[in-house]
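*Asks:* After the structure tokens below, expect a handful of questions from me.
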Amino acid sequence: MTSTTKPPKFDYHLLALMGWLCESPNARILSSYGAGLNDAYPTLYELSPKREDGKRSITQVFPARDSRVSDESVEMVKRLGGKVSNDYHKLLQQGFLMSMSAMYENTKAFEKFVSDLEPRCEFHWSQKMFFLTKKGFEYWKETGKAQYEKLHARKLAAREEADRLILIGINGVVRPILPERLEKMVNGAGLRLPDISRKIVRPYAIARVTKETATRFYVENVELLQGDAYALSGNYSGSPIEGRAPNQYVEKKYVMLDNATKAGAAKVVSTDVEYVDDLRGIMLASLQQIIPLLSEMNLRLAQKGSERDDMMGELLQSLREQGEKSKPKRERKDASPKP
């Protein structure tokens with residue numbers, strides 16, 4: 001690619017996408033819908049080698065159609081720097097990609113492309129296919145690949161610097177666990193117990209840091225230490241780890257221990273479990289005394305309420321009867337004589 005103009009520079013994600021396309025320039029395709037600009041979720045395809053009859057099959061590489069191969073999608077996103085770049089219109093502007101579709105441009109070429117596929121594949125009427133051009137491949141060989149390798153080395157160095165384990169906490173709620181006998185007593189009597197729960201930060205997971213920002217740690221290889229987040233938090237909150245692999249992250253405020261070790265995390269979990277067991281023991285010891293008393297009180301109040309209903313009903317009926325007996329009789333007036 002000989003030119004006196006300065007070659008364009010692209011960001012890491014776009015260069016990584018170009019690198020993937022250039023590995024097999026006649027077989028790898030980028031696709032989007034509509035105008036083809038700023039598409040947040042581009043699709044990647046790969047064509048098989050041509051058969052003797054000229055036919056080829058096509059496979060959707062990203063996003064994976066089958067959840068069973070979602071790990072492959074994760075690896076693809078990792079390779080492309082954490083996301084599939086949606087800035088490919090910049091490649092179009094440079095003439096590094098050629099676009100074809102059923103409705104917008106190069107429609108004849110698109111019809112030929114679809115007719116060569118077997119099994120036949122139906123595409124959406126607004127879907128565009130982007131193929132690497134000779135100019136794009138030359139740019140990659142002469143300039144793009146070196147730019148990518150420079151940025152990739154920087155990225156690896158930053159990852160190596162960030163590499164460590166962190167212990168992640170969760171805002172937990174500790175509540176008493178009642179034995180079946182007390183549960184029946186509470187539910188049967190409809191008792192309302194006082195809220196004696198306690199909020200504490202509990203160890204939730206250990207994870208490896210891949211990237212650090214001012215407020216977040218990006219993580220991988222997450223290992224849960226005590227099970228489900230909702231169970232740990234007493235249904236108070238979900239997991240503090242957000243996003244999806246390979247872009248999972250946790251806010252720094254949830255980190256209990258930086259530069260953690262698995263042995264250290266195990267000690268924190270052991271201390272946490274012992275403390276929670278002690279809390280629940282104190283709660284249960286008191287509730288074992290309180291609940292029977294409340295249940296007995298509730299029963300006696302219910303009995304007293306029934307006694308009052310009977311007593312008050314009898315009293316009111318007696319007063320009604322006395323009132324009927326003491327009511328003065330009124331004399332009936334004769335009808336006025338007719339004139």
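Residues in the structure tokens are numbered from 1 in each chain, the chains being A, B, ... in the order shown, and ligands are numbered from 1 in the order shown.
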Please run DSSP on the backbone and report, as a ChimeraX atom specification, all residues within segment 73-273 of chain A that come out as helix (DSSP H, G or I).
*Replies:* /A:73-79,89-93,107-115,134-162,180-189,229-232,252-254,262-273
*Asks:* So that I can check the surroundings of Ile177 of chain A, please list as a PyMOL selection string every protein, DNA and RNA residue that reaches within 9 Å of it, counting only C-alpha atoms and ignoring chain neighbours fewer than 5 positions away.
*Replies:* chain A and resi 280+283-284
*Asks:* Select from segment 19-132 of chain A every residue with an atom at most 12 Å from any atom of segment 150-156 of chain A, then for each give the shortest pair of atoms and their distance in Å to one decimal, using only C-alpha atoms, rows by chain and rising number, as a Markdown table.
*Replies:*
```
| residue | atom | partner | partner_atom | distance |
| --- | --- | --- | --- | --- |
| A:Gly19 | CA | A:His152 | CA | 11.7 |
| A:Lys78 | CA | A:Lys155 | CA | 11.8 |
| A:Arg79 | CA | A:His152 | CA | 10.2 |
| A:Leu80 | CA | A:His152 | CA | 10.4 |
| A:Gly81 | CA | A:His152 | CA | 8.9 |
| A:Gly82 | CA | A:Lys155 | CA | 11.5 |
```
*Asks:* Could you tell me which of A:Leu165, A:Met76, A:Leu92, A:Ile200 comes closest to Tyr275 of chain A if we count only C-alpha atoms?
*Replies:* A:Ile200
*Asks:* As a PyMOL selection string, please: all residues of segment 137-249 of chain A that backbone DSSP puts in strand (DSSP E or B).
*Replies:* chain A and resi 165-174+198-212+216-224+241-242+249
*Asks:* Of the candidates A:Met129, A:Val74, A:Val255, A:Ala189, which one gets nearest to Glu111 of chain A if we count only C-alpha atoms?
*Replies:*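 For Glu111 of chain A, the nearest of the given residues is A:Met129.
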*Asks:* Which residues are close to Val114 of chain A, i.e. within 12 Å by only C-alpha atoms, leaving aside same-chain residues fewer than 5 positions away? Reply as a list in words.
*Replies:*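 My list of contacting residues is Leu47, Lys55, Arg56, Ser57, Ile58, Met100, Ser101, Ala102, Thr107, Lys108, Ala109, Pro119, Arg120, Cys121, Glu122, Phe123, His124 and Met129 of chain A.
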*Asks:* Kindly save the residues from that selection, with N, CA and C atoms included, as a tab-separated table (two decimals), in the first residue's frame.
*Replies:*
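Resulting contents of part09.tsv:
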```tsv
chain	number	residue	atom	x	y	z
A	47	LEU	N	-16.60	-18.64	6.60
A	47	LEU	CA	-16.96	-19.52	5.49
A	47	LEU	C	-16.04	-20.72	5.43
A	55	LYS	N	-19.66	-24.61	-3.90
A	55	LYS	CA	-20.51	-24.26	-2.76
A	55	LYS	C	-19.68	-24.14	-1.48
A	56	ARG	N	-20.19	-23.34	-0.55
A	56	ARG	CA	-19.53	-23.16	0.75
A	56	ARG	C	-20.61	-23.12	1.83
A	57	SER	N	-20.23	-23.50	3.03
A	57	SER	CA	-21.14	-23.36	4.17
A	57	SER	C	-20.68	-22.16	5.00
A	58	ILE	N	-21.60	-21.62	5.81
A	58	ILE	CA	-21.28	-20.45	6.61
A	58	ILE	C	-21.62	-20.74	8.07
A	100	MET	N	-21.90	-5.33	1.14
A	100	MET	CA	-22.93	-5.81	0.23
A	100	MET	C	-24.16	-6.20	1.03
A	101	SER	N	-25.32	-6.08	0.41
A	101	SER	CA	-26.57	-6.43	1.08
A	101	SER	C	-27.65	-6.69	0.05
A	102	ALA	N	-28.80	-7.13	0.52
A	102	ALA	CA	-29.92	-7.43	-0.38
A	102	ALA	C	-30.59	-6.17	-0.88
A	107	THR	N	-25.88	-5.33	-4.57
A	107	THR	CA	-26.93	-6.34	-4.40
A	107	THR	C	-26.68	-7.57	-5.28
A	108	LYS	N	-26.13	-7.37	-6.47
A	108	LYS	CA	-25.84	-8.51	-7.35
A	108	LYS	C	-24.80	-9.42	-6.71
A	109	ALA	N	-23.77	-8.80	-6.14
A	109	ALA	CA	-22.71	-9.58	-5.48
A	109	ALA	C	-23.29	-10.32	-4.27
A	119	PRO	N	-25.69	-25.55	3.21
A	119	PRO	CA	-27.11	-25.28	3.04
A	119	PRO	C	-27.40	-23.79	2.90
A	120	ARG	N	-28.49	-23.50	2.19
A	120	ARG	CA	-28.85	-22.11	1.94
A	120	ARG	C	-29.15	-21.40	3.27
A	121	CYS	N	-28.72	-20.17	3.34
A	121	CYS	CA	-28.89	-19.40	4.57
A	121	CYS	C	-29.72	-18.15	4.26
A	122	GLU	N	-30.74	-17.91	5.05
A	122	GLU	CA	-31.59	-16.73	4.87
A	122	GLU	C	-31.10	-15.62	5.79
A	123	PHE	N	-30.88	-14.45	5.20
A	123	PHE	CA	-30.45	-13.28	5.97
A	123	PHE	C	-31.57	-12.25	6.02
A	124	HIS	N	-31.56	-11.44	7.04
A	124	HIS	CA	-32.55	-10.37	7.17
A	124	HIS	C	-32.38	-9.38	6.02
A	129	MET	N	-23.24	-7.37	4.82
A	129	MET	CA	-22.05	-8.19	4.96
A	129	MET	C	-20.83	-7.35	4.56
```
*Asks:* Using atom CA of Lys199 of chain A and atom CA of Lys252 of chain A as the two end points, give the distance in Å to one decimal.
*Replies:*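 If I compute the distance from atom CA of Lys199 of chain A to atom CA of Lys252 of chain A, I get 19.5 Å.
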*Asks:* Hey, could you make a per-residue contact list for segment 151-195 of chain A against segment 293-311 of chain A with 9 Å as the cut-off, showing the nearest pair of atoms and its distance in Å to one decimal, counting only C-alpha atoms, sorted by chain and number, as a tab-separated table?
*Replies:*
```
residue	atom	partner	partner_atom	distance
A:Met185	CA	A:Ser295	CA	6.8
A:Val186	CA	A:Ser295	CA	7.4
A:Ala189	CA	A:Ser295	CA	6.5
A:Gly190	CA	A:Asn298	CA	9.0
A:Leu191	CA	A:Ser295	CA	7.4
```
*Asks:* Those residues with all heavy atoms, as a PDB file, in the first residue's frame please?
*Replies:*
```
ATOM      1  N   MET A 185     -45.122 -22.971  65.877  1.00  0.00           N
ATOM      2  CA  MET A 185     -45.696 -22.156  66.940  1.00  0.00           C
ATOM      3  C   MET A 185     -45.929 -20.719  66.459  1.00  0.00           C
ATOM      4  O   MET A 185     -46.965 -20.115  66.704  1.00  0.00           O
ATOM      5  CB  MET A 185     -44.759 -22.160  68.152  1.00  0.00           C
ATOM      6  CG  MET A 185     -45.432 -21.854  69.480  1.00  0.00           C
ATOM      7  SD  MET A 185     -44.276 -22.070  70.864  1.00  0.00           S
ATOM      8  CE  MET A 185     -44.154 -23.855  70.920  1.00  0.00           C
ATOM      9  N   VAL A 186     -44.928 -20.192  65.716  1.00  0.00           N
ATOM     10  CA  VAL A 186     -45.029 -18.818  65.212  1.00  0.00           C
ATOM     11  C   VAL A 186     -46.103 -18.713  64.136  1.00  0.00           C
ATOM     12  O   VAL A 186     -46.967 -17.832  64.177  1.00  0.00           O
ATOM     13  CB  VAL A 186     -43.660 -18.356  64.646  1.00  0.00           C
ATOM     14  CG1 VAL A 186     -43.805 -17.027  63.908  1.00  0.00           C
ATOM     15  CG2 VAL A 186     -42.646 -18.225  65.765  1.00  0.00           C
ATOM     16  N   ALA A 189     -49.825 -19.430  65.413  1.00  0.00           N
ATOM     17  CA  ALA A 189     -50.423 -18.374  66.227  1.00  0.00           C
ATOM     18  C   ALA A 189     -50.409 -17.027  65.519  1.00  0.00           C
ATOM     19  O   ALA A 189     -50.975 -16.055  66.029  1.00  0.00           O
ATOM     20  CB  ALA A 189     -49.665 -18.255  67.557  1.00  0.00           C
ATOM     21  N   GLY A 190     -49.778 -16.971  64.344  1.00  0.00           N
ATOM     22  CA  GLY A 190     -49.704 -15.702  63.625  1.00  0.00           C
ATOM     23  C   GLY A 190     -48.911 -14.651  64.382  1.00  0.00           C
ATOM     24  O   GLY A 190     -49.256 -13.466  64.381  1.00  0.00           O
ATOM     25  N   LEU A 191     -47.836 -15.091  65.049  1.00  0.00           N
ATOM     26  CA  LEU A 191     -47.051 -14.169  65.865  1.00  0.00           C
ATOM     27  C   LEU A 191     -46.180 -13.270  64.991  1.00  0.00           C
ATOM     28  O   LEU A 191     -45.701 -13.687  63.932  1.00  0.00           O
ATOM     29  CB  LEU A 191     -46.140 -14.957  66.814  1.00  0.00           C
ATOM     30  CG  LEU A 191     -46.827 -15.894  67.819  1.00  0.00           C
ATOM     31  CD1 LEU A 191     -45.770 -16.597  68.652  1.00  0.00           C
ATOM     32  CD2 LEU A 191     -47.771 -15.102  68.710  1.00  0.00           C
TER      33      LEU A 191
END
```
*Asks:* Kindly give the distance, in Å, that separates atom CA of Pro176 of chain A and atom CA of Glu274 of chain A, rounded to a single decimal.
*Replies:*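 About the pair atom CA of Pro176 of chain A and atom CA of Glu274 of chain A: they are 14.4 Å apart.
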*Asks:* Any idea what the distance is between atom CA of Ile241 of chain A and atom CA of Ala64 of chain A?
*Replies:*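 Computing the Euclidean distance for atom CA of Ile241 of chain A and atom CA of Ala64 of chain A yields 23.3 Å.
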*Asks:* Measuring atom to atom with only C-alpha atoms, identify which of A:Leu193, A:Gly136, A:Ser239, A:Tyr33 is nearest to Ser286 of chain A.
*Replies:*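 Under the stated criterion, the closest residue is A:Leu193.
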*Asks:* Using only C-alpha atoms, which residue out of A:Leu224, A:Val209, A:Ala27, A:Val201 lies closest to Phe130 of chain A?
*Replies:*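 Closest candidate: A:Ala27.
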*Asks:* Which residue is closest to Leu91 of chain A? Choose from A:Arg208, A:Lys135, A:Lys262, A:Lys253 and count only C-alpha atoms.
*Replies:*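 Ranking A:Arg208, A:Lys135, A:Lys262, A:Lys253 by distance to Leu91 of chain A, first place goes to A:Lys135.
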*Asks:* Give me, as a list in words, all polymer residues having an atom no more than 9 Å from Glu161 of chain A, counting only C-alpha atoms and skipping those fewer than 3 positions away in the same chain.
*Replies:*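 Listed by chain and then number, they are Leu156, Ala157, Ala158, Arg164, Thr210 and Lys211 of chain A.
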*Asks:* Could you save those same residues with all heavy atoms as a PDB file, in the first residue's frame?
*Replies:*
```pdb
ATOM      1  N   LEU A 156      -0.830  -6.387  27.705  1.00  0.00           N
ATOM      2  CA  LEU A 156      -0.326  -7.520  28.478  1.00  0.00           C
ATOM      3  C   LEU A 156       0.464  -7.040  29.695  1.00  0.00           C
ATOM      4  O   LEU A 156       0.379  -7.625  30.778  1.00  0.00           O
ATOM      5  CB  LEU A 156       0.560  -8.408  27.602  1.00  0.00           C
ATOM      6  CG  LEU A 156      -0.152  -9.217  26.515  1.00  0.00           C
ATOM      7  CD1 LEU A 156       0.858  -9.996  25.692  1.00  0.00           C
ATOM      8  CD2 LEU A 156      -1.187 -10.159  27.119  1.00  0.00           C
ATOM      9  N   ALA A 157       1.236  -5.953  29.522  1.00  0.00           N
ATOM     10  CA  ALA A 157       2.008  -5.406  30.631  1.00  0.00           C
ATOM     11  C   ALA A 157       1.083  -4.883  31.725  1.00  0.00           C
ATOM     12  O   ALA A 157       1.329  -5.088  32.923  1.00  0.00           O
ATOM     13  CB  ALA A 157       2.930  -4.301  30.135  1.00  0.00           C
ATOM     14  N   ALA A 158      -0.005  -4.203  31.316  1.00  0.00           N
ATOM     15  CA  ALA A 158      -0.963  -3.677  32.294  1.00  0.00           C
ATOM     16  C   ALA A 158      -1.665  -4.817  33.019  1.00  0.00           C
ATOM     17  O   ALA A 158      -1.907  -4.744  34.230  1.00  0.00           O
ATOM     18  CB  ALA A 158      -1.983  -2.788  31.590  1.00  0.00           C
ATOM     19  N   ARG A 164      -3.429 -10.166  40.447  1.00  0.00           N
ATOM     20  CA  ARG A 164      -3.412 -10.545  41.860  1.00  0.00           C
ATOM     21  C   ARG A 164      -4.798 -11.054  42.232  1.00  0.00           C
ATOM     22  O   ARG A 164      -5.749 -10.919  41.464  1.00  0.00           O
ATOM     23  CB  ARG A 164      -3.024  -9.375  42.758  1.00  0.00           C
ATOM     24  CG  ARG A 164      -3.971  -8.176  42.684  1.00  0.00           C
ATOM     25  CD  ARG A 164      -3.321  -6.992  43.386  1.00  0.00           C
ATOM     26  NE  ARG A 164      -4.177  -5.819  43.492  1.00  0.00           N
ATOM     27  CZ  ARG A 164      -4.296  -4.899  42.557  1.00  0.00           C
ATOM     28  NH1 ARG A 164      -3.652  -5.034  41.401  1.00  0.00           N
ATOM     29  NH2 ARG A 164      -5.059  -3.831  42.758  1.00  0.00           N
ATOM     30  N   THR A 210      -7.748  -8.641  36.434  1.00  0.00           N
ATOM     31  CA  THR A 210      -7.147  -8.537  35.101  1.00  0.00           C
ATOM     32  C   THR A 210      -6.909  -7.088  34.706  1.00  0.00           C
ATOM     33  O   THR A 210      -6.090  -6.805  33.832  1.00  0.00           O
ATOM     34  CB  THR A 210      -8.069  -9.179  34.048  1.00  0.00           C
ATOM     35  OG1 THR A 210      -9.332  -8.495  34.037  1.00  0.00           O
ATOM     36  CG2 THR A 210      -8.289 -10.646  34.344  1.00  0.00           C
ATOM     37  N   LYS A 211      -7.633  -6.175  35.364  1.00  0.00           N
ATOM     38  CA  LYS A 211      -7.511  -4.760  35.013  1.00  0.00           C
ATOM     39  C   LYS A 211      -8.026  -3.945  36.186  1.00  0.00           C
ATOM     40  O   LYS A 211      -8.978  -4.343  36.866  1.00  0.00           O
ATOM     41  CB  LYS A 211      -8.337  -4.478  33.751  1.00  0.00           C
ATOM     42  CG  LYS A 211      -8.388  -3.024  33.310  1.00  0.00           C
ATOM     43  CD  LYS A 211      -9.289  -2.894  32.088  1.00  0.00           C
ATOM     44  CE  LYS A 211      -9.552  -1.462  31.718  1.00  0.00           C
ATOM     45  NZ  LYS A 211     -10.491  -1.347  30.575  1.00  0.00           N
TER      46      LYS A 211
END
```
*Asks:* Could you check the closest approach to Val173 of chain A for each of A:Leu232, A:Val84, A:Ala285, A:Met256 and tell me which residue wins, using only C-alpha atoms?
*Replies:*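 Of A:Leu232, A:Val84, A:Ala285, A:Met256, the one nearest Val173 of chain A is A:Leu232, counting only C-alpha atoms.
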